[in-house]
file work_21.cif (mmCIF, C-alpha atoms and all ligand atoms)
data_entry
loop_
_atom_site.label_atom_id
_atom_site.label_comp_id
_atom_site.auth_asym_id
_atom_site.auth_seq_id
_atom_site.Cartn_x
_atom_site.Cartn_y
_atom_site.Cartn_z
CA MET A 1 47.07 -19.99 -53.81
CA ALA A 2 48.76 -21.53 -50.77
CA GLU A 3 46.44 -22.65 -48.01
CA LEU A 4 46.98 -22.81 -44.30
CA VAL A 5 45.65 -26.11 -43.02
CA PHE A 6 44.78 -26.51 -39.35
CA PRO A 7 45.31 -29.71 -37.34
CA ASP A 8 42.74 -32.52 -37.53
CA GLY A 9 40.00 -32.22 -34.95
CA PHE A 10 40.59 -28.48 -34.56
CA LEU A 11 37.75 -26.80 -32.66
CA TRP A 12 36.15 -23.85 -34.43
CA GLY A 13 33.68 -21.97 -32.35
CA ALA A 14 32.05 -18.85 -31.04
CA ALA A 15 31.59 -17.84 -27.41
CA THR A 16 29.08 -16.19 -25.13
CA ALA A 17 28.76 -15.78 -21.35
CA ALA A 18 25.55 -16.20 -19.39
CA HIS A 19 25.20 -12.73 -17.90
CA GLN A 20 25.96 -11.08 -21.22
CA VAL A 21 23.36 -12.92 -23.29
CA GLU A 22 20.77 -14.78 -21.20
CA GLY A 23 18.82 -11.86 -19.74
CA ASP A 24 17.22 -11.29 -16.33
CA ASN A 25 20.17 -12.58 -14.35
CA ASP A 26 18.77 -10.80 -11.34
CA GLY A 27 20.34 -12.84 -8.55
CA SER A 28 23.89 -11.79 -9.42
CA ASP A 29 26.31 -9.13 -8.23
CA TRP A 30 26.46 -7.69 -11.75
CA TRP A 31 22.72 -7.06 -11.77
CA ASP A 32 23.17 -4.94 -8.64
CA TRP A 33 26.36 -3.30 -9.92
CA GLU A 34 24.54 -2.09 -13.06
CA ARG A 35 22.03 -0.37 -10.80
CA ARG A 36 24.38 1.09 -8.24
CA PRO A 37 24.89 4.85 -8.58
CA GLY A 38 28.45 5.87 -9.31
CA THR A 39 29.56 2.80 -11.25
CA PRO A 40 30.73 3.35 -14.82
CA CYS A 41 28.00 1.10 -16.28
CA VAL A 42 26.36 2.77 -19.25
CA ASP A 43 23.50 0.26 -19.62
CA ARG A 44 21.66 -2.38 -17.66
CA SER A 45 21.76 -5.94 -18.94
CA ASP A 46 17.97 -6.42 -18.56
CA LEU A 47 16.80 -8.93 -21.17
CA ALA A 48 20.24 -9.06 -22.85
CA CYS A 49 19.85 -11.29 -25.94
CA ASP A 50 17.09 -13.35 -24.35
CA HIS A 51 19.39 -16.30 -24.98
CA TYR A 52 17.97 -18.07 -21.94
CA ARG A 53 14.81 -18.65 -23.99
CA ARG A 54 16.20 -18.32 -27.51
CA TYR A 55 19.15 -20.71 -27.14
CA PRO A 56 17.59 -23.36 -29.44
CA GLU A 57 17.54 -20.97 -32.39
CA ASP A 58 20.97 -19.51 -31.50
CA VAL A 59 22.60 -22.90 -31.19
CA ALA A 60 21.06 -24.09 -34.45
CA LEU A 61 22.24 -20.93 -36.18
CA LEU A 62 25.84 -21.34 -35.01
CA ALA A 63 25.90 -24.95 -36.15
CA SER A 64 24.39 -24.02 -39.51
CA LEU A 65 27.31 -21.67 -40.11
CA GLY A 66 29.70 -24.61 -39.96
CA LEU A 67 31.13 -24.09 -36.48
CA ASN A 68 31.89 -27.26 -34.54
CA ALA A 69 32.14 -25.80 -31.02
CA TYR A 70 30.15 -23.46 -28.80
CA ARG A 71 31.56 -21.93 -25.62
CA TYR A 72 28.95 -20.73 -23.13
CA SER A 73 28.72 -20.41 -19.39
CA VAL A 74 26.54 -21.75 -16.62
CA GLU A 75 25.30 -19.04 -14.27
CA TRP A 76 26.17 -19.75 -10.64
CA ALA A 77 23.58 -17.22 -9.41
CA ARG A 78 20.83 -19.23 -11.10
CA VAL A 79 22.01 -22.69 -10.09
CA GLU A 80 22.59 -21.73 -6.43
CA PRO A 81 20.26 -18.78 -5.83
CA GLU A 82 20.71 -19.02 -2.07
CA ALA A 83 23.79 -20.29 -0.31
CA GLY A 84 23.55 -24.06 -0.23
CA ARG A 85 20.23 -24.31 -2.13
CA PHE A 86 20.67 -25.76 -5.59
CA ASP A 87 17.94 -25.32 -8.17
CA GLU A 88 17.42 -28.56 -10.08
CA GLY A 89 15.25 -26.76 -12.62
CA GLN A 90 18.20 -24.57 -13.58
CA LEU A 91 20.48 -27.58 -13.88
CA ASP A 92 17.84 -29.09 -16.19
CA HIS A 93 17.95 -25.92 -18.23
CA TYR A 94 21.71 -26.13 -18.76
CA ARG A 95 21.36 -29.83 -19.52
CA ALA A 96 18.88 -28.91 -22.24
CA VAL A 97 21.24 -26.24 -23.63
CA THR A 98 24.06 -28.77 -23.67
CA ASP A 99 21.86 -31.40 -25.33
CA ALA A 100 21.00 -28.88 -28.03
CA VAL A 101 24.69 -28.13 -28.62
CA VAL A 102 25.60 -31.80 -28.85
CA ALA A 103 22.58 -32.62 -31.02
CA ALA A 104 23.63 -29.86 -33.41
CA GLY A 105 26.98 -31.59 -33.80
CA MET A 106 29.01 -29.07 -31.80
CA THR A 107 31.48 -29.64 -28.98
CA PRO A 108 30.42 -27.84 -25.81
CA VAL A 109 33.08 -25.76 -24.05
CA VAL A 110 31.51 -24.84 -20.72
CA THR A 111 32.61 -22.07 -18.37
CA LEU A 112 31.58 -22.47 -14.75
CA ASN A 113 32.16 -18.90 -13.64
CA HIS A 114 32.24 -16.04 -16.13
CA PHE A 115 32.68 -12.90 -13.98
CA SER A 116 29.33 -12.77 -12.15
CA LEU A 117 28.84 -14.08 -8.60
CA PRO A 118 25.63 -14.94 -6.79
CA ARG A 119 24.42 -11.97 -4.74
CA TRP A 120 24.83 -13.93 -1.50
CA ALA A 121 28.53 -14.59 -2.19
CA ALA A 122 29.12 -10.96 -3.16
CA ALA A 123 27.41 -9.77 0.01
CA ARG A 124 29.96 -11.72 2.05
CA GLY A 125 32.90 -10.13 0.24
CA GLY A 126 33.02 -11.87 -3.14
CA TRP A 127 36.55 -13.11 -3.80
CA LEU A 128 37.69 -11.71 -0.44
CA TRP A 129 35.36 -14.07 1.42
CA SER A 130 37.36 -17.06 2.65
CA GLU A 131 34.56 -19.48 1.70
CA THR A 132 34.06 -18.39 -1.91
CA PRO A 133 36.63 -20.86 -3.33
CA ALA A 134 35.06 -23.87 -1.61
CA ARG A 135 31.56 -22.69 -2.52
CA LEU A 136 32.60 -22.39 -6.16
CA ALA A 137 33.96 -25.93 -6.05
CA ARG A 138 30.76 -27.31 -4.54
CA TYR A 139 28.68 -25.60 -7.22
CA ALA A 140 31.10 -26.83 -9.91
CA GLU A 141 30.70 -30.39 -8.74
CA ARG A 142 26.89 -30.11 -9.02
CA VAL A 143 27.13 -28.75 -12.54
CA VAL A 144 29.65 -31.31 -13.71
CA ARG A 145 27.57 -34.14 -12.24
CA ALA A 146 24.57 -32.78 -14.14
CA LEU A 147 26.28 -32.25 -17.51
CA GLY A 148 29.48 -34.25 -17.23
CA ASP A 149 28.61 -37.12 -19.53
CA ARG A 150 28.06 -34.65 -22.37
CA VAL A 151 30.94 -32.22 -21.76
CA THR A 152 34.69 -32.68 -21.98
CA TRP A 153 36.01 -29.11 -22.01
CA TRP A 154 35.48 -27.21 -18.77
CA CYS A 155 36.69 -23.69 -17.99
CA THR A 156 36.65 -23.16 -14.23
CA ILE A 157 37.01 -19.39 -13.98
CA ASN A 158 37.01 -16.91 -16.84
CA GLU A 159 39.84 -14.39 -16.76
CA PRO A 160 40.58 -14.37 -13.03
CA GLY A 161 43.10 -11.61 -13.70
CA SER A 162 40.38 -9.32 -15.04
CA VAL A 163 38.13 -10.07 -12.06
CA ALA A 164 40.88 -9.32 -9.53
CA PHE A 165 42.10 -6.24 -11.32
CA GLY A 166 38.78 -4.76 -12.37
CA GLY A 167 36.99 -5.43 -9.10
CA TYR A 168 39.59 -5.08 -6.39
CA VAL A 169 42.09 -2.44 -7.48
CA GLY A 170 40.79 -0.90 -10.71
CA ALA A 171 37.51 0.16 -9.05
CA LEU A 172 36.09 1.06 -12.37
CA ASN A 173 34.82 -1.80 -14.33
CA PHE A 174 33.83 -4.59 -11.99
CA PRO A 175 32.09 -5.15 -8.70
CA PRO A 176 32.82 -4.76 -5.83
CA GLY A 177 34.74 -1.62 -6.82
CA ARG A 178 37.64 -1.80 -4.38
CA THR A 179 40.82 0.16 -4.95
CA ASP A 180 43.71 -1.13 -2.86
CA LEU A 181 46.65 -3.41 -3.50
CA ARG A 182 45.85 -5.60 -0.51
CA SER A 183 42.37 -6.39 -1.84
CA TRP A 184 43.85 -7.09 -5.25
CA GLU A 185 46.31 -9.59 -3.76
CA ARG A 186 43.68 -11.24 -1.58
CA ALA A 187 41.20 -11.54 -4.45
CA THR A 188 43.95 -13.00 -6.63
CA ALA A 189 44.72 -15.60 -3.96
CA GLY A 190 40.99 -16.38 -3.62
CA LEU A 191 40.57 -16.85 -7.36
CA ILE A 192 43.59 -19.14 -7.56
CA GLU A 193 42.29 -21.19 -4.67
CA GLY A 194 38.83 -21.24 -6.26
CA HIS A 195 40.35 -22.56 -9.47
CA ARG A 196 42.38 -25.19 -7.62
CA LEU A 197 39.36 -26.51 -5.73
CA ALA A 198 37.05 -26.30 -8.75
CA LEU A 199 39.58 -28.25 -10.83
CA LEU A 200 39.60 -31.03 -8.23
CA ALA A 201 35.79 -30.99 -8.14
CA VAL A 202 35.51 -31.20 -11.93
CA ARG A 203 37.95 -34.09 -12.05
CA SER A 204 36.26 -35.98 -9.26
CA ALA A 205 32.86 -35.56 -10.91
CA SER A 206 34.01 -36.47 -14.42
CA PRO A 207 37.08 -38.60 -15.06
CA THR A 208 37.07 -37.69 -18.76
CA ALA A 209 37.00 -33.92 -18.17
CA ARG A 210 39.65 -31.59 -19.54
CA ALA A 211 39.72 -28.55 -17.29
CA GLY A 212 41.54 -25.25 -17.22
CA MET A 213 41.17 -21.52 -16.69
CA THR A 214 40.76 -18.94 -19.40
CA HIS A 215 43.38 -16.20 -19.20
CA GLN A 216 43.25 -12.64 -20.36
CA LEU A 217 46.66 -12.15 -21.95
CA LEU A 218 47.97 -9.04 -23.63
CA GLU A 219 50.77 -8.42 -26.02
CA TRP A 220 52.82 -5.85 -24.12
CA ALA A 221 55.10 -3.31 -25.71
CA SER A 222 57.33 -0.84 -23.90
CA ASP A 223 60.62 0.93 -24.02
CA ALA A 224 63.25 0.49 -21.31
CA ARG A 225 61.51 3.06 -19.10
CA GLY A 226 58.18 1.31 -19.23
CA ARG A 227 59.54 -2.20 -18.77
CA PRO A 228 59.66 -2.43 -14.94
CA PHE A 229 55.99 -1.43 -14.75
CA VAL A 230 55.05 -3.84 -17.53
CA GLU A 231 56.81 -6.67 -15.73
CA TRP A 232 55.13 -5.76 -12.45
CA MET A 233 51.68 -5.69 -14.08
CA ARG A 234 52.20 -8.82 -16.14
CA ARG A 235 53.33 -10.72 -13.08
CA ARG A 236 50.13 -9.80 -11.20
CA ASN A 237 47.68 -9.87 -14.07
CA GLU A 238 48.94 -12.86 -16.00
CA ASP A 239 51.86 -14.87 -14.67
CA VAL A 240 50.44 -15.76 -11.26
CA PHE A 241 47.49 -17.37 -13.02
CA LEU A 242 49.64 -19.12 -15.62
CA GLU A 243 51.76 -20.55 -12.79
CA ALA A 244 48.57 -21.75 -11.14
CA ALA A 245 47.68 -23.53 -14.40
CA ALA A 246 50.68 -25.87 -14.28
CA ASP A 247 48.46 -28.84 -13.43
CA ASP A 248 45.60 -27.90 -15.78
CA ASP A 249 44.65 -29.90 -18.86
CA PHE A 250 44.72 -26.83 -21.08
CA VAL A 251 45.27 -23.10 -21.04
CA GLY A 252 42.49 -20.91 -22.42
CA VAL A 253 44.05 -17.93 -24.20
CA GLN A 254 41.98 -14.75 -24.62
CA THR A 255 43.73 -11.92 -26.39
CA TYR A 256 42.28 -8.73 -27.78
CA THR A 257 45.09 -6.27 -28.25
CA ARG A 258 48.57 -4.94 -27.63
CA VAL A 259 49.21 -2.39 -24.92
CA THR A 260 52.10 0.01 -25.28
CA VAL A 261 53.44 1.44 -22.02
CA ARG A 262 55.52 4.60 -22.00
CA PHE A 263 56.45 6.93 -19.14
CA ASN A 264 58.26 10.22 -19.09
CA PRO A 265 61.64 10.05 -17.30
CA VAL A 266 60.37 11.51 -14.01
CA ALA A 267 57.38 9.19 -13.77
CA ALA A 268 59.53 6.23 -14.77
CA THR A 269 62.05 6.90 -12.00
CA ALA A 270 59.33 7.43 -9.40
CA LEU A 271 57.64 4.20 -10.40
CA ARG A 272 60.85 2.20 -10.42
CA LEU A 273 61.49 3.37 -6.90
CA ALA A 274 57.97 2.65 -5.73
CA LEU A 275 58.13 -0.87 -7.14
CA ARG A 276 61.13 -1.57 -4.89
CA VAL A 277 59.63 -0.28 -1.63
CA PRO A 278 56.40 -2.10 -0.72
CA PRO A 279 54.85 0.58 1.56
CA LEU A 280 55.48 3.16 -1.14
CA ALA A 281 54.07 0.81 -3.78
CA ALA A 282 50.88 0.45 -1.76
CA ARG A 283 50.40 4.25 -1.86
CA VAL A 284 51.64 5.12 -5.31
CA LEU A 285 50.51 2.25 -7.48
CA PRO A 286 46.74 2.08 -7.03
CA PRO A 287 46.21 5.51 -8.62
CA VAL A 288 48.59 4.58 -11.44
CA VAL A 289 46.85 1.31 -12.22
CA ARG A 290 43.46 2.98 -11.83
CA ARG A 291 44.44 5.57 -14.36
CA ALA A 292 45.66 2.83 -16.67
CA ALA A 293 42.34 1.02 -16.24
CA ALA A 294 40.37 4.20 -16.84
CA SER A 295 41.99 4.84 -20.18
CA PRO A 296 42.52 1.63 -22.06
CA THR A 297 43.37 4.01 -24.86
CA PRO A 298 47.03 4.90 -24.46
CA PRO A 299 48.71 6.58 -27.40
CA LEU A 300 49.04 4.11 -30.23
CA PRO A 301 52.06 3.37 -32.38
CA PRO A 302 52.09 5.45 -35.58
CA GLY A 303 49.61 4.22 -38.16
CA ALA A 304 47.69 1.98 -35.75
CA ARG A 305 43.87 2.01 -35.60
CA ARG A 306 41.53 1.64 -32.64
CA THR A 307 38.55 -0.63 -32.14
CA GLN A 308 35.27 0.56 -30.59
CA MET A 309 36.74 -0.36 -27.21
CA GLY A 310 39.60 2.07 -27.82
CA TYR A 311 42.07 -0.81 -28.09
CA GLU A 312 44.77 -0.97 -30.72
CA LEU A 313 43.43 -3.02 -33.63
CA ARG A 314 46.00 -5.78 -33.49
CA PRO A 315 44.76 -9.29 -34.32
CA GLU A 316 48.31 -10.64 -34.35
CA ALA A 317 48.61 -9.99 -30.62
CA LEU A 318 47.20 -13.52 -30.35
CA ALA A 319 50.40 -15.02 -31.71
CA ALA A 320 52.52 -13.22 -29.11
CA THR A 321 50.44 -14.56 -26.22
CA VAL A 322 50.18 -18.10 -27.61
CA ARG A 323 53.96 -18.11 -28.09
CA ARG A 324 54.50 -16.98 -24.50
CA VAL A 325 52.18 -19.64 -23.08
CA ALA A 326 53.86 -22.33 -25.19
CA ARG A 327 57.22 -21.19 -23.80
CA LEU A 328 56.13 -20.92 -20.16
CA LEU A 329 54.10 -24.15 -20.13
CA PRO A 330 55.77 -26.38 -22.70
CA GLY A 331 53.57 -29.11 -24.13
CA LYS A 332 50.42 -27.84 -22.43
CA ASP A 333 47.38 -27.82 -24.70
CA ILE A 334 46.23 -24.35 -25.67
CA LEU A 335 42.68 -23.46 -26.62
CA VAL A 336 42.00 -19.97 -27.92
CA THR A 337 38.82 -19.38 -25.93
CA GLU A 338 38.36 -15.74 -27.02
CA HIS A 339 39.67 -13.44 -29.74
CA GLY A 340 37.52 -10.75 -31.23
CA ILE A 341 36.94 -7.14 -32.17
CA ALA A 342 34.30 -4.55 -31.37
CA THR A 343 33.59 -2.78 -34.62
CA ALA A 344 30.74 -1.27 -36.62
CA ASP A 345 32.43 -2.41 -39.82
CA ASP A 346 32.12 -6.14 -40.38
CA ALA A 347 34.86 -6.03 -43.03
CA ASP A 348 37.20 -5.16 -40.16
CA ARG A 349 36.05 -8.29 -38.34
CA ILE A 350 36.73 -10.48 -41.39
CA ALA A 351 40.21 -9.00 -41.74
CA PHE A 352 40.76 -9.41 -37.99
CA ILE A 353 39.83 -13.09 -38.11
CA ASP A 354 42.06 -13.76 -41.10
CA ALA A 355 45.07 -11.92 -39.71
CA GLY A 356 44.62 -13.53 -36.29
CA LEU A 357 44.34 -17.01 -37.80
CA ARG A 358 47.34 -16.50 -40.06
CA ALA A 359 49.42 -15.47 -37.06
CA LEU A 360 48.01 -18.36 -35.01
CA HIS A 361 48.78 -20.83 -37.77
CA ALA A 362 52.43 -19.75 -37.76
CA GLU A 363 52.60 -20.57 -34.03
CA ILE A 364 51.03 -23.98 -34.64
CA ALA A 365 53.52 -24.61 -37.42
CA ALA A 366 56.29 -23.69 -34.95
CA GLY A 367 55.00 -26.35 -32.57
CA ALA A 368 52.45 -24.65 -30.28
CA PRO A 369 49.83 -27.30 -29.33
CA VAL A 370 46.75 -25.22 -30.17
CA ARG A 371 43.53 -27.27 -30.15
CA GLY A 372 41.03 -24.71 -31.35
CA TYR A 373 39.94 -21.16 -32.04
CA ILE A 374 36.80 -19.76 -30.43
CA HIS A 375 35.76 -16.30 -31.52
CA TRP A 376 34.27 -13.69 -29.18
CA SER A 377 31.41 -13.34 -29.68
CA ALA A 378 28.57 -15.30 -31.20
CA LEU A 379 26.18 -12.39 -30.64
CA ASP A 380 26.31 -8.65 -30.06
CA ASN A 381 25.75 -8.62 -26.33
CA PHE A 382 26.04 -6.87 -22.98
CA GLU A 383 29.67 -5.74 -22.86
CA TRP A 384 29.75 -5.26 -19.07
CA ALA A 385 30.35 -1.63 -18.06
CA TYR A 386 30.41 -0.66 -21.76
CA GLY A 387 26.89 -1.93 -22.24
CA TYR A 388 25.31 -2.62 -25.61
CA ARG A 389 27.29 -0.16 -27.73
CA MET A 390 30.12 -2.54 -28.42
CA GLN A 391 29.57 -4.74 -31.47
CA PHE A 392 31.56 -7.93 -30.94
CA GLY A 393 29.04 -10.25 -32.59
CA LEU A 394 29.37 -12.52 -35.58
CA VAL A 395 25.60 -12.17 -35.41
CA ALA A 396 23.91 -8.81 -34.87
CA VAL A 397 21.04 -8.57 -32.39
CA ASP A 398 18.32 -5.96 -32.76
CA ARG A 399 17.74 -4.62 -29.25
CA ALA A 400 14.10 -3.78 -29.87
CA THR A 401 12.99 -6.99 -31.59
CA GLN A 402 15.72 -9.47 -30.60
CA ALA A 403 15.97 -10.34 -34.31
CA ARG A 404 19.27 -11.97 -35.24
CA THR A 405 21.13 -10.96 -38.42
CA VAL A 406 24.01 -13.11 -39.55
CA ARG A 407 26.95 -10.93 -40.52
CA PRO A 408 29.27 -11.85 -43.41
CA SER A 409 32.04 -12.48 -40.86
CA ALA A 410 29.96 -15.30 -39.38
CA ARG A 411 29.70 -17.01 -42.76
CA HIS A 412 33.38 -16.33 -43.33
CA LEU A 413 34.45 -18.03 -40.09
CA GLY A 414 31.98 -20.84 -40.76
CA ALA A 415 33.52 -21.47 -44.20
CA ILE A 416 37.02 -21.58 -42.67
CA ALA A 417 35.73 -24.00 -40.04
CA ARG A 418 34.15 -26.31 -42.63
CA ALA A 419 37.31 -26.37 -44.71
CA ASN A 420 39.60 -26.46 -41.65
CA ARG A 421 41.84 -24.23 -43.63
CA LEU A 422 42.44 -20.62 -44.45
CA PRO A 423 43.30 -19.39 -47.92
CA ASP A 424 46.70 -17.72 -47.57
CA ALA A 425 46.55 -14.11 -48.72
C1 LIG A 501 35.54 -11.39 -21.44
C2 LIG A 501 34.22 -11.18 -22.13
C3 LIG A 501 34.19 -9.81 -22.76
C4 LIG A 501 35.27 -9.74 -23.80
C5 LIG A 501 35.32 -8.48 -24.64
C6 LIG A 501 36.71 -10.80 -22.16
O1 LIG A 501 37.42 -10.07 -21.25
O2 LIG A 501 35.72 -12.73 -21.10
O3 LIG A 501 33.20 -11.38 -21.20
O4 LIG A 501 32.95 -9.49 -23.28
O5 LIG A 501 36.52 -9.91 -23.17
O6 LIG A 501 35.73 -7.37 -23.92
#

call {"tool": "encode", "arguments": {"input": "work_21.cif", "output": "structure tokens", "more": "lines below"}}
Ligand code: BGC
result
Amino acid sequence: MAELVFPDGFLWGAATAAHQVEGDNDGSDWWDWERRPGTPCVDRSDLACDHYRRYPEDVALLASLGLNAYRYSVEWARVEPEAGRFDEGQLDHYRAVTDAVVAAGMTPVVTLNHFSLPRWAAARGGWLWSETPARLARYAERVVRALGDRVTWWCTINEPGSVAFGGYVGALNFPPGRTDLRSWERATAGLIEGHRLALLAVRSASPTARAGMTHQLLEWASDARGRPFVEWMRRRNEDVFLEAAADDDFVGVQTYTRVTVRFNPVAATALRLALRVPPLAARVLPPVVRRAAASPTPPLPPGARRTQMGYELRPEALAATVRRVARLLPGKDILVTEHGIATADDADRIAFIDAGLRALHAEIAAGAPVRGYIHWSALDNFEWAYGYRMQFGLVAVDRATQARTVRPSARHLGAIARANRLPDA
């Protein structure tokens, strides 16, 4: 049987994010958002996976599977609980987490800001506040000074496109729940500036750092009628951030699915018109994008299946996005920082991993400089507004007892990681 061999030194990992797994992140905007009436949140994060206390066992478990990398995030709301007051005890905590990762033989991939903001920054406008970018950079410098000698891979901001879209025009999934194009544009500019300043801070604090953003990238499909809207969305959700990554050390690619966009002829004409006339766009487009955000479940191509999230089950979407990044930013290192599936059937997850890796391998063979594959997620966790119903974990977590159960997919990915190769089906 032919085997697909991955490059030497390839990173094989699993990912988490602080707010989704640590528990009791009660100084953050998300904590408040989960409690605010009228938001679409179906659960509260509460104790999450208690990873804040259980990280030693979780880290040991991931390493025992054969993985050689762990991506996790540092929580800004914990490290800087009040504007300008840094908590050394929390920095010690993240140093201890990082020590555990390194001692277990894994490469840490550390995200500085994974969606949640400290309450004090959110109260001043979140990504609309002119000082948020500089505040992020100051916090980043503290963290990198604390952990820098142990960490090479730094992700400044996780999926800035999702933050800007979900929080400032989509109104549905993310705080602060704004709904206008102007806020979307301003938040986008704030996130890009935050990344730029954080990148400088990371580099000044650690000369050996490799820093970048992680990008939510979709495989888009459309007919001629849908194309103008797709291009408009992709420009705002993806390309502005990829352009802002030109000076980064790597691009973090996070791909979950393919989205197919179709409009009837009347809607397509109206939209094409609106896209050309800015004042009209400001009126017409927010409801359209809100509707799109509200139903991430557009009609699927014939024969396609959905995941628990309602997405098209499409592991190969990863190849389309990696190919696009390799074309837009030639020679730039690519790290797959997330790829995963919410499913109750772990056999689906195994098939998803295999199909995704086969497609990824073809891109590597075609020359894409991919340095690693990090699966989302290590644990079943708090899936933001969707709460605890989504099962993304390689490891299941019992909500009542916090007991961890290793799924076959975890052992499967671990075996691929150990071999650095995938049996070709
Ligand atoms: C985010 C994760 C999230 C995952 C699955 C990504 O957008 O970075 O925090 O849980 O997708 O939806």

call {"tool": "residues_around", "arguments": {"input": "work_21.cif", "residues": "A:Ser64", "least_positions_apart": "2", "cutoff": "12 Å", "atoms": "only C-alpha atoms", "output": "PyMOL selection string"}}
result
chain A and resi 13+57-62+66-69+101+104-106+406+410-411+413-415+417-418

call {"tool": "closest_atom_pairs", "arguments": {"input": "work_21.cif", "of": "chain A", "to": "ligand LIG 501 (chain A)", "cutoff": "10 Å", "atoms": "all atoms listed in the file", "output": "CSV"}}
result
residue,atom,partner,partner_atom,distance
A:Ala15,CA,A:LIG501,C2,8.9
A:Thr16,CA,A:LIG501,O3,7.5
A:Ala17,CA,A:LIG501,O3,6.3
A:Ala18,CA,A:LIG501,O3,9.2
A:His19,CA,A:LIG501,O3,8.8
A:Gln20,CA,A:LIG501,O3,7.2
A:His114,CA,A:LIG501,O2,6.9
A:Phe115,CA,A:LIG501,O3,7.4
A:Ser116,CA,A:LIG501,O3,9.9
A:Ile157,CA,A:LIG501,O2,9.8
A:Asn158,CA,A:LIG501,O2,6.1
A:Glu159,CA,A:LIG501,O2,6.2
A:Pro160,CA,A:LIG501,O2,9.6
A:Gly161,CA,A:LIG501,O1,9.6
A:Ser162,CA,A:LIG501,O1,6.9
A:Val163,CA,A:LIG501,O1,9.2
A:Thr214,CA,A:LIG501,O2,8.2
A:His215,CA,A:LIG501,O2,8.6
A:Gln216,CA,A:LIG501,O1,6.4
A:Leu217,CA,A:LIG501,O1,9.5
A:Gln254,CA,A:LIG501,C6,7.0
A:Thr255,CA,A:LIG501,O5,8.1
A:Tyr256,CA,A:LIG501,O5,7.5
A:Met309,CA,A:LIG501,O6,7.8
A:Thr337,CA,A:LIG501,O2,8.8
A:Glu338,CA,A:LIG501,C6,7.1
A:His339,CA,A:LIG501,O5,8.1
A:Gly340,CA,A:LIG501,C5,7.3
A:Ile341,CA,A:LIG501,C5,7.8
A:Ala342,CA,A:LIG501,C5,7.9
A:Trp376,CA,A:LIG501,C4,6.7
A:Ser377,CA,A:LIG501,O4,7.6
A:Asp380,CA,A:LIG501,O4,9.5
A:Asn381,CA,A:LIG501,O4,7.9
A:Phe382,CA,A:LIG501,O4,7.4
A:Glu383,CA,A:LIG501,O4,5.0
A:Trp384,CA,A:LIG501,O4,6.8
A:Ala385,CA,A:LIG501,O4,9.8
A:Tyr386,CA,A:LIG501,O6,8.8
A:Gly387,CA,A:LIG501,O4,9.7
A:Met390,CA,A:LIG501,O6,8.7
A:Gln391,CA,A:LIG501,C5,9.7
A:Phe392,CA,A:LIG501,C5,7.4

call {"tool": "atom_distance", "arguments": {"input": "work_21.cif", "atom1": "atom CA of A:Val288", "atom2": "atom CA of A:Trp30"}}
result
25.3 Å

call {"tool": "residues_near_point", "arguments": {"input": "work_21.cif", "point": "(41.0, -26.9, -43.5)", "cutoff": "10 Å", "atoms": "all atoms listed in the file", "output": "list in words"}}
result
Glu3, Leu4, Val5, Phe6, Pro7, Asp8, Phe10, Ala415, Ile416, Ala417, Arg418, Ala419, Asn420, Arg421, Leu422 and Pro423 of chain A

call {"tool": "closest_residue", "arguments": {"input": "work_21.cif", "among": "A:Ala103, A:Ile350, A:Ala134, A:Ala121", "to": "A:His375", "atoms": "all atoms listed in the file"}}
result
A:Ile350

call {"tool": "atom_distance", "arguments": {"input": "work_21.cif", "atom1": "atom CA of A:Asp223", "atom2": "atom CA of A:Asn264"}}
result
10.8 Å

call {"tool": "residues_around", "arguments": {"input": "work_21.cif", "residues": "A:Glu82", "least_positions_apart": "4", "cutoff": "12 Å", "atoms": "only C-alpha atoms", "output": "list in words"}}
result
Gly27, Ser28, Trp76, Ala77, Arg78, Phe86, Asp87, Leu117, Pro118, Arg119, Trp120, Ala121, Ala122, Ala123, Arg135 and Tyr139 of chain A

call {"tool": "residues_near_point", "arguments": {"input": "work_21.cif", "point": "(47.1, -16.8, -3.0)", "cutoff": "12 Å", "atoms": "all atoms listed in the file", "output": "list in words"}}
result
Trp127, Leu128, Ser130, Pro133, Ala164, Arg182, Ser183, Trp184, Glu185, Arg186, Ala187, Thr188, Ala189, Gly190, Leu191, Ile192, Glu193, Gly194, His195, Arg196, Arg236, Val240, Phe241, Glu243 and Ala244 of chain A

call {"tool": "atom_distance", "arguments": {"input": "work_21.cif", "atom1": "atom CA of A:Gly356", "atom2": "atom CA of A:Arg314"}}
result
8.4 Å

call {"tool": "closest_residue", "arguments": {"input": "work_21.cif", "among": "A:Asp248, A:Glu219, A:Asp348, A:Asp354", "to": "A:Val322", "atoms": "all atoms listed in the file"}}
result
A:Glu219

call {"tool": "closest_residue", "arguments": {"input": "work_21.cif", "among": "A:Ala211, A:Val151, A:Ala63, A:Ala140", "to": "A:Thr98", "atoms": "all atoms listed in the file"}}
result
A:Val151

call {"tool": "closest_residue", "arguments": {"input": "work_21.cif", "among": "A:Leu181, A:Ser206, A:Trp33, A:Asn25", "to": "A:Pro278", "atoms": "only C-alpha atoms"}}
result
A:Leu181

call {"tool": "closest_residue", "arguments": {"input": "work_21.cif", "among": "A:Arg142, A:Arg150, A:Arg371, A:Arg258", "to": "A:Ala205", "atoms": "only C-alpha atoms"}}
result
A:Arg142

call {"tool": "closest_residue", "arguments": {"input": "work_21.cif", "among": "A:Val144, A:Val284, A:Ile364, A:Leu47", "to": "A:Thr179", "atoms": "all atoms listed in the file"}}
result
A:Val284
